[in-house]
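Take a look at the structure set out below.
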Amino acid sequence: MAEKIRAERNHTLTVDDSERLLYSQNLLTADGLKANRELSFLTNKTICADLFDVIDLLPQGVADLVVIDPPYNLTKDYNGLKFRALNQSEYLEYLRSWFPKVVSLLKPNGSLYLCGDWKCTSALQQVMEENLTVLNRITWQREKGRGALSNWKNGMEDIWFGVKNAKGYYFDVEAVKMKRKVLAPYRENGKPKDWKATDDGNVRLTYPSNFWDDISIPYWSMPENTDHPTQKPEKLLAKLILASCPEGGLVFDPFLGSGTTSVVAKKLGRNYLGVEINKEYAVWAEKRIALANANKTVQGYVDGVFWERNSLNLQKKCA
């Protein structure tokens, strides 16, 4: 496979033929899964297979958290595998063909996040409500994207949050607080109230809302970047995993892509299991997982706190 020629400062992940062979050996196939379906064997593995061929083979009730970033209802080429846009009812039936089976992998106190855009979000909500208790819809600002001459630029995406048991599920709000700059500091009896003065400005820890405007899309100068056309940022996955999966728990991703869910799970001390149909993407995932052994940093997450976008200098001073 011909390798792209990249600029010196371009940190986009690449694999050469020798790495491709090496990391391919780590992948679990459908036949391998049929031979051994024990959870201990599957933990921290990437399954390179069609989800429809393996979903019935996976052990039920084992995942603390499921994160799903399925093909949106758009015509798109995923490294030679094409998804064709469907009408609304067809797309809903596509979701129904696999979503209940994925839900069955959740523990009784497990949580699930389902990603989508404005066009498919109504179908996502419907399939979520058919199978889970929906607790919220997160909207995150996707600041990267093309402009539109005859429509509003699409700068947002949704993440639907649902649980199996609304009266008993894991959620660690303390792990996902954000550190923000305080523009109008308030004092009580002459002392800072809910904020801290630093050499580089005033900051406070805030509780997370369901609108996220602090996410940076991976781009060519970031080591986490790959050539996957719909790659999610590591910071986004870090929020979902820290909030909804205990340390040592298992995170499952049925559409793993270039591996962001598994990579972040590893960096944060969680176990992972992912399914990806495209072998090249699965190889990228395995290389990223291997690199995470030496580098466990997540952009925008420093010293156990999430920071606002474009606050790198402040992060370095306070770390």
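FYI, nothing fancy with the structure tokens labels: chains A, B, ... in order, residues from 1 per chain, ligands from 1 as they appear.
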Would you pick out the contacts of Tyr72 (chain A) at 8 Å or less, using only C-alpha atoms, so that residues sharing its chain but fewer than 2 positions from it are not included, and give the list as a PDB file with N, CA and C atoms, in the first residue's frame?
ATOM      1  N   PRO A  70     -22.069   5.053  15.256  1.00  0.00           N
ATOM      2  CA  PRO A  70     -22.427   4.277  14.065  1.00  0.00           C
ATOM      3  C   PRO A  70     -22.319   5.123  12.804  1.00  0.00           C
ATOM      4  N   LEU A  74     -25.687   9.153   6.172  1.00  0.00           N
ATOM      5  CA  LEU A  74     -25.043   9.894   5.094  1.00  0.00           C
ATOM      6  C   LEU A  74     -24.331   8.903   4.177  1.00  0.00           C
ATOM      7  N   GLY A 116     -24.552  10.903  17.037  1.00  0.00           N
ATOM      8  CA  GLY A 116     -25.207  11.171  15.760  1.00  0.00           C
ATOM      9  C   GLY A 116     -25.192  12.651  15.430  1.00  0.00           C
ATOM     10  N   ASP A 117     -25.731  12.982  14.253  1.00  0.00           N
ATOM     11  CA  ASP A 117     -25.854  14.379  13.849  1.00  0.00           C
ATOM     12  C   ASP A 117     -27.325  14.759  13.779  1.00  0.00           C
ATOM     13  N   CYS A 120     -29.879  12.379  11.755  1.00  0.00           N
ATOM     14  CA  CYS A 120     -30.284  11.057  12.231  1.00  0.00           C
ATOM     15  C   CYS A 120     -30.677  11.041  13.699  1.00  0.00           C
TER      16      CYS A 120
END
Counting only C-alpha atoms, which residues of region 140-190 of chain A fall within 12 Å of region 218-233 of chain A, and what is the closest atom pair for each with its distance in Å at one decimal, ordered by chain and rising number, as JSON lines?
{"residue": "A:Trp140", "atom": "CA", "partner": "A:Pro233", "partner_atom": "CA", "distance": 11.3}
{"residue": "A:Gln141", "atom": "CA", "partner": "A:Pro233", "partner_atom": "CA", "distance": 11.8}
{"residue": "A:Arg142", "atom": "CA", "partner": "A:Lys232", "partner_atom": "CA", "distance": 10.0}
{"residue": "A:Glu143", "atom": "CA", "partner": "A:Pro218", "partner_atom": "CA", "distance": 10.9}
{"residue": "A:Lys144", "atom": "CA", "partner": "A:Pro218", "partner_atom": "CA", "distance": 9.3}
{"residue": "A:Gly145", "atom": "CA", "partner": "A:Thr230", "partner_atom": "CA", "distance": 11.4}
{"residue": "A:Glu157", "atom": "CA", "partner": "A:Lys232", "partner_atom": "CA", "distance": 10.9}
{"residue": "A:Ile159", "atom": "CA", "partner": "A:Lys232", "partner_atom": "CA", "distance": 11.7}
**Report entry** A:Asp69, A:Glu308, A:Asp77, A:Asp31 ranked by distance to Cys48 (chain A), top pick (using only C-alpha atoms)
**Finding:**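 Residue with the minimum atom-to-atom distance to Cys48 (chain A): A:Asp31.
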Could you pull out the alpha helix (DSSP H) residues of region 105-164 of chain A, going by DSSP on the backbone, and write them as a VMD selection string? chain A and resid 121 to 131
Just write the chosen residues, C-alpha atoms, as an mmCIF file, in the first residue's frame.
data_model
loop_
_atom_site.group_PDB
_atom_site.id
_atom_site.type_symbol
_atom_site.label_atom_id
_atom_site.label_comp_id
_atom_site.auth_asym_id
_atom_site.auth_seq_id
_atom_site.Cartn_x
_atom_site.Cartn_y
_atom_site.Cartn_z
ATOM 1 C CA THR A 121 -30.819 12.188 15.828
ATOM 2 C CA SER A 122 -34.592 11.584 15.834
ATOM 3 C CA ALA A 123 -34.037 7.965 14.807
ATOM 4 C CA LEU A 124 -31.373 7.602 17.478
ATOM 5 C CA GLN A 125 -33.726 8.936 20.135
ATOM 6 C CA GLN A 126 -36.436 6.528 19.073
ATOM 7 C CA VAL A 127 -34.250 3.425 19.186
ATOM 8 C CA MET A 128 -32.804 4.548 22.523
ATOM 9 C CA GLU A 129 -36.261 4.980 24.052
ATOM 10 C CA GLU A 130 -37.303 1.549 22.769
ATOM 11 C CA ASN A 131 -34.467 -0.147 24.641
#
Per-residue nearest contacts of region 32-132 of chain A to region 238-242 of chain A (10 Å; only C-alpha atoms) as a tab-separated table:
residue	atom	partner	partner_atom	distance
A:Asp64	CA	A:Ile241	CA	9.7
A:Leu65	CA	A:Ile241	CA	7.5
A:Val66	CA	A:Ile241	CA	9.3
A:Val67	CA	A:Leu240	CA	8.2
A:Ser111	CA	A:Leu240	CA	9.7
A:Leu112	CA	A:Leu240	CA	9.3
A:Tyr113	CA	A:Leu240	CA	7.8
Residues from last step as file, C-alpha atoms, as an mmCIF file, in the first residue's frame:
data_model
loop_
_atom_site.group_PDB
_atom_site.id
_atom_site.type_symbol
_atom_site.label_atom_id
_atom_site.label_comp_id
_atom_site.auth_asym_id
_atom_site.auth_seq_id
_atom_site.Cartn_x
_atom_site.Cartn_y
_atom_site.Cartn_z
ATOM 1 C CA ASP A 64 -20.064 -1.306 32.188
ATOM 2 C CA LEU A 65 -20.255 1.160 29.310
ATOM 3 C CA VAL A 66 -21.096 1.006 25.614
ATOM 4 C CA VAL A 67 -20.090 3.850 23.312
ATOM 5 C CA SER A 111 -24.721 3.029 30.562
ATOM 6 C CA LEU A 112 -24.758 3.662 26.830
ATOM 7 C CA TYR A 113 -23.882 6.681 24.688
#
Would you mind listing, for every residue of region 232-305 of chain A within 9 Å of region 26-30 of chain A, the two atoms forming the shortest contact and the distance between them in Å to one decimal, using only C-alpha atoms, sorted by chain and ascending residue number, as CSV?
residue,atom,partner,partner_atom,distance
A:Lys279,CA,A:Leu27,CA,8.7
A:Ala282,CA,A:Leu27,CA,7.5
A:Val283,CA,A:Leu27,CA,7.8
A:Glu286,CA,A:Asn26,CA,7.3
Per DSSP on the backbone, what are the strand (DSSP E) residues of region 242-278 of chain A, as a list in words?
->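 Everything in region 242-278 of chain A that counts as strand (DSSP E) is Leu250, Val251, Phe252, Asp253, Asn271, Tyr272, Leu273, Gly274, Val275 and Glu276 of chain A.
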Next on the checklist: Could you check the closest approach to Leu105 (chain A) for each of A:Pro246, A:Pro254, A:Pro71, A:Gly80 and tell me which residue wins, using only C-alpha atoms?
Outcome noted: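 For Leu105 (chain A), the nearest of the given residues is A:Pro254.
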